[in-house]
Structures are given as structure tokens and as C-alpha cells.
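Inspection log for the structure reproduced underneath, given as C-alpha cells.
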Amino acid sequence: MSRRVMRYQDARIRVRELTGTGGPTFVLVHGIGVSSRYFEPLAFALHHAGDVLLLDLPGFGGLPHPRRPLSIAGFAETVRAALAAEEITDAVLIGHSMGAQVVVEMLSRDDSYRSAVLIGPPVNPAEPAVWQQAGRLLQSASHESRRMRMVASSSYLRCGPAWFTQVLPSMMRYPIAARLPLIRTRTLLLHGEHDTVVPPTWVETMATLLPHACHVQLSGAAHGVVYEHSDQVAELTLEHLAHT
């Protein structure tokens with residue numbers, strides 16, 4: 001797996017690449033506090049169908065913190081710049097948790113992307129407080145494997161509480177419900193059966209707001225569905241792409 005660090009303004013983004021055998025380029029955008037490490041099983045499940053780019057957003061995965069915290073729009077612009085530098089013209093955007101917000105922001109500004117997959121997008125407007133979301137994440141974590149919890153915990157420690165708490169307000173305030181109707185790209189919306197961060201009522205609302213979307217609930221999965229159920233996520237992604 002090749003890797004490189006790119007700079008956009010004062011932010012650095014890491015790109016790790018698995019080279020496939022032709023086809024589209026799958027771009028994986030992680031959530032808050034973690035890194036692209038938990039995407040590795042999904043990346044290996046997808047790379048037979050195309051190239052896969054695993055991104056580490058600025059300040060995460062051991063990357064230096066920019067001078068100022070980035071908004072969701074700022075992260076989206078950094079990813080867009082990285083894809084432009086990589087000359088990616090056939091991207092399938094896959095975002096998980098906060099990464100799904102980043103993908104939503106990219107899609108709302110540009111309809112040239114081939115397809116997109118939004119996995120467990122926050123924040124449920126019925127529970128907008130940080131303490132509510134933290135509680136739901138702990139509930140969801142009770143359905144995760146010990147290995148998934150260890151991967152997430154090590155990433156959180158590497159990120160550090162300072163950067164996490166600086167980015168968190170942007171995630172909590174992101175107006176995702178206002179952005180979803182602007183998306184024209186065909187979109188697959190995924191969530192886990194036990195993902196209490198993203199309950200069925202919120203998923204149904206998002207599916208209604210998206211003009212061109214279908215949604216699937218994965219049985220037995222929680223918020224870490226991209227890691228625990230990577231083969232199923234890959235299969236659903238490729239099925240969605242075939243129908244796009």
C-alpha cells in the first residue's frame with residue numbers, strides 16, 4: 001500500500017492507496033477522532049473492483065493539527081483538493097460518521113462524482129446535545145467487538161482530546177438536513193441495526209431528503225459497521241454502483 005502526505009494551505013492530508021485492476025476510484029473518508037485504519041478491511045474488500053484511496057484527514061492519524069480547527073466545509077475542501085491533485089475523475093465517495101458529513105458537503109457543491117455511500121451520518125436532530133450523542137455512541141459500542149473498540153480507542157488516543165474537542169462543535173452544528181436536498185449524485189445510505197447514534201427515524205428522514213437515494217439497514221451491525229461488516233458494505237457498494 002503506497003502512502004503520501006499532501007498539503008493544502010496549512011492542512012496536511014494523508015493518502016494511502018491500494019491499486020486495483022481498473023474501474024472507479026473508491027475514496028474512503030473516516031469519522032471524528034479515528035483514522036483510515038478502521039477502513040482497511042473495507043479497502044481490501046473493494047480493491048479488486050478499482051483503486052482505493054484511504055484518507056487521513058488533517059489532525060487525525062498522527063497528522064499535525066492545522067493552526068485553526070477546520071469546519072466540515074474545510075475538511076471537504078481539503079479532500080476535494082487532494083482528489084484534484086491526484087487527478088481523480090471517477091470517484092466513488094464513501095464517508096462514515098463525520099466523514100459522511102464531509103462527503104455530503106462535497107456532493108452538495110459538486111454533482112460530478114460517480115456515486116456515493118453515506119454510512120451512519122450524524123447528527124440526529126432529535127438528540128442534538130453532545131452528552132446525548134456520547135451516550136448513544138457508548139450504547140452502540142456495546143454491540144461492537146473488542147477488536148473494533150481497541151482500534152477506535154488507539155485512534156482516539158493518537159488524535160488527542162485537544163483536536164477532538166476543537167473539531168466536535170463543527171460536526172455537531174453541521175446543517176446536514178439542509179444540504180441533503182442539494183445532492184444530485186446517486187447515493188446509498190447505510191446504517192447498522194444497533195447503531196443508536198443513527199436511529200431508523202433519522203435514517204428515514206435523510207432518505208426522504210435525498211433526491212436520489214436508497215437505504216439499507218445491516219442486521220447485527222452497530223456504528224462501526226465499516227469495520228465489523230466490511231464484506232457486506234463492499235457488496236452493497238458494488239451493487240449500488242452497478243445500478244447507478
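Residue names in the C-alpha cells use chain letters A, B, ... in the order shown, residue numbers from 1 in each chain, and ligand numbers from 1 in the order shown.
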I'd like a table as a Markdown table: residues in stretch 40-130 of chain A with an atom no more than 7 Å from stretch 213-234 of chain A, each row giving the shortest atom pair and its distance in Å to one decimal, only C-alpha atoms counted, sorted by chain and rising residue number.
| residue | atom | partner | partner_atom | distance |
| --- | --- | --- | --- | --- |
| A:Pro41 | CA | A:Ser230 | CA | 5.9 |
| A:Leu42 | CA | A:Ser230 | CA | 4.7 |
| A:Ala45 | CA | A:Asp231 | CA | 6.0 |
| A:Leu46 | CA | A:Ala234 | CA | 5.9 |
| A:Gly120 | CA | A:His223 | CA | 6.5 |
Determine which residues of stretch 4-242 of chain A DSSP labels as alpha helix (DSSP H) from the backbone of this structure, then write them out as number ranges by chain.
A: 40-46, 72-85, 98-109, 130-141, 146-159, 161-173, 176-179, 200-209, 225-228, 230-242
Test item: residues at most 8 Å from stretch 85-102 of chain A, only C-alpha atoms, excluding those fewer than 3 positions along its chain, as a PyMOL selection string
chain A and resi 24-32+72-73+75-76+81-82+105-106+113-122+171+174+176+226
Save out the residues we just selected, N, CA and C atoms, as a short mmCIF file (atom, residue, chain, number, x, y, z; two decimals), in the first residue's frame.
data_model
loop_
_atom_site.label_atom_id
_atom_site.label_comp_id
_atom_site.auth_asym_id
_atom_site.auth_seq_id
_atom_site.Cartn_x
_atom_site.Cartn_y
_atom_site.Cartn_z
N PRO A 24 -13.57 2.34 -11.10
CA PRO A 24 -13.60 3.63 -10.42
C PRO A 24 -12.57 3.70 -9.29
N THR A 25 -12.45 4.87 -8.69
CA THR A 25 -11.60 5.05 -7.52
C THR A 25 -12.50 5.25 -6.30
N PHE A 26 -12.39 4.36 -5.33
CA PHE A 26 -13.16 4.46 -4.10
C PHE A 26 -12.40 5.33 -3.11
N VAL A 27 -13.04 6.37 -2.62
CA VAL A 27 -12.40 7.33 -1.71
C VAL A 27 -13.06 7.18 -0.34
N LEU A 28 -12.29 6.76 0.67
CA LEU A 28 -12.82 6.45 2.00
C LEU A 28 -12.49 7.57 2.97
N VAL A 29 -13.53 8.17 3.58
CA VAL A 29 -13.37 9.32 4.46
C VAL A 29 -13.85 8.94 5.86
N HIS A 30 -12.96 8.98 6.84
CA HIS A 30 -13.23 8.47 8.19
C HIS A 30 -13.97 9.49 9.05
N GLY A 31 -14.37 9.02 10.24
CA GLY A 31 -15.11 9.86 11.19
C GLY A 31 -14.21 10.59 12.16
N ILE A 32 -14.83 11.29 13.11
CA ILE A 32 -14.09 12.12 14.06
C ILE A 32 -13.29 11.24 15.03
N ILE A 72 -16.59 21.43 8.74
CA ILE A 72 -16.88 20.34 7.80
C ILE A 72 -16.60 20.80 6.38
N ALA A 73 -16.95 22.03 6.07
CA ALA A 73 -16.66 22.58 4.74
C ALA A 73 -15.15 22.63 4.49
N PHE A 75 -12.83 20.58 5.84
CA PHE A 75 -12.39 19.22 5.56
C PHE A 75 -12.77 18.82 4.13
N ALA A 76 -13.98 19.18 3.71
CA ALA A 76 -14.44 18.84 2.36
C ALA A 76 -13.56 19.48 1.30
N ALA A 81 -9.35 19.09 -2.81
CA ALA A 81 -8.04 19.48 -3.32
C ALA A 81 -7.12 18.27 -3.50
N ALA A 82 -7.20 17.33 -2.55
CA ALA A 82 -6.38 16.12 -2.66
C ALA A 82 -6.77 15.31 -3.88
N GLU A 105 -21.12 17.41 2.17
CA GLU A 105 -20.72 18.77 1.78
C GLU A 105 -20.11 18.78 0.39
N MET A 106 -19.28 17.80 0.07
CA MET A 106 -18.68 17.72 -1.27
C MET A 106 -19.76 17.52 -2.33
N TYR A 113 -19.37 13.67 -9.13
CA TYR A 113 -18.89 12.40 -8.60
C TYR A 113 -19.76 11.25 -9.10
N ARG A 114 -19.12 10.11 -9.30
CA ARG A 114 -19.83 8.99 -9.92
C ARG A 114 -20.95 8.45 -9.04
N SER A 115 -20.66 8.30 -7.76
CA SER A 115 -21.63 7.72 -6.84
C SER A 115 -21.14 8.00 -5.43
N ALA A 116 -22.01 7.72 -4.44
CA ALA A 116 -21.61 7.97 -3.05
C ALA A 116 -22.29 6.99 -2.12
N VAL A 117 -21.62 6.73 -0.99
CA VAL A 117 -22.17 5.89 0.07
C VAL A 117 -22.01 6.66 1.38
N LEU A 118 -23.13 6.89 2.06
CA LEU A 118 -23.13 7.57 3.36
C LEU A 118 -23.44 6.53 4.42
N ILE A 119 -22.53 6.37 5.38
CA ILE A 119 -22.65 5.32 6.39
C ILE A 119 -22.74 5.95 7.77
N GLY A 120 -23.89 5.79 8.41
CA GLY A 120 -24.08 6.31 9.77
C GLY A 120 -23.86 7.79 9.92
N PRO A 121 -24.51 8.65 9.10
CA PRO A 121 -24.25 10.10 9.21
C PRO A 121 -24.87 10.71 10.48
N PRO A 122 -24.12 11.47 11.26
CA PRO A 122 -24.70 12.22 12.36
C PRO A 122 -25.11 13.62 11.85
N MET A 171 -18.88 19.39 13.81
CA MET A 171 -19.67 18.21 13.50
C MET A 171 -21.08 18.33 14.07
N TYR A 174 -23.19 20.95 12.05
CA TYR A 174 -23.28 20.86 10.59
C TYR A 174 -24.74 20.68 10.15
N ILE A 176 -26.76 19.21 8.12
CA ILE A 176 -26.85 18.14 7.12
C ILE A 176 -28.24 18.08 6.48
N VAL A 226 -18.48 -0.31 9.18
CA VAL A 226 -17.49 -0.39 8.10
C VAL A 226 -16.36 -1.35 8.44
#
Have a look at atom CA of A:His240 and atom CA of A:Thr185 and let me know their distance in Å, one decimal.
12.0 Å
What lies within 12 Å of stretch 62-64 of chain A using only C-alpha atoms, ignoring chain neighbours under 4 positions off, as an MDAnalysis selection string?
chainID A and resid 4:7 10:15 33:37 55:58 68:69 154:160 163
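Across the structure, atom CA of A:Tyr38 and atom CA of A:Gly23 are spaced 23.3 Å apart.
With distances restricted to only C-alpha atoms, A:His65 is the closest residue to A:Ala162 from A:His65, A:Arg146, A:Ala129, A:Glu204.
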Enumerate the residues of stretch 41-240 of chain A with a DSSP assignment of strand (DSSP E), computed from the backbone, and present them as a ChimeraX atom specification.
/A:51-56,91-96,115-119,187-192,213-218
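Atom CA of A:Asp111 lies 23.2 Å from atom CA of A:Val123.
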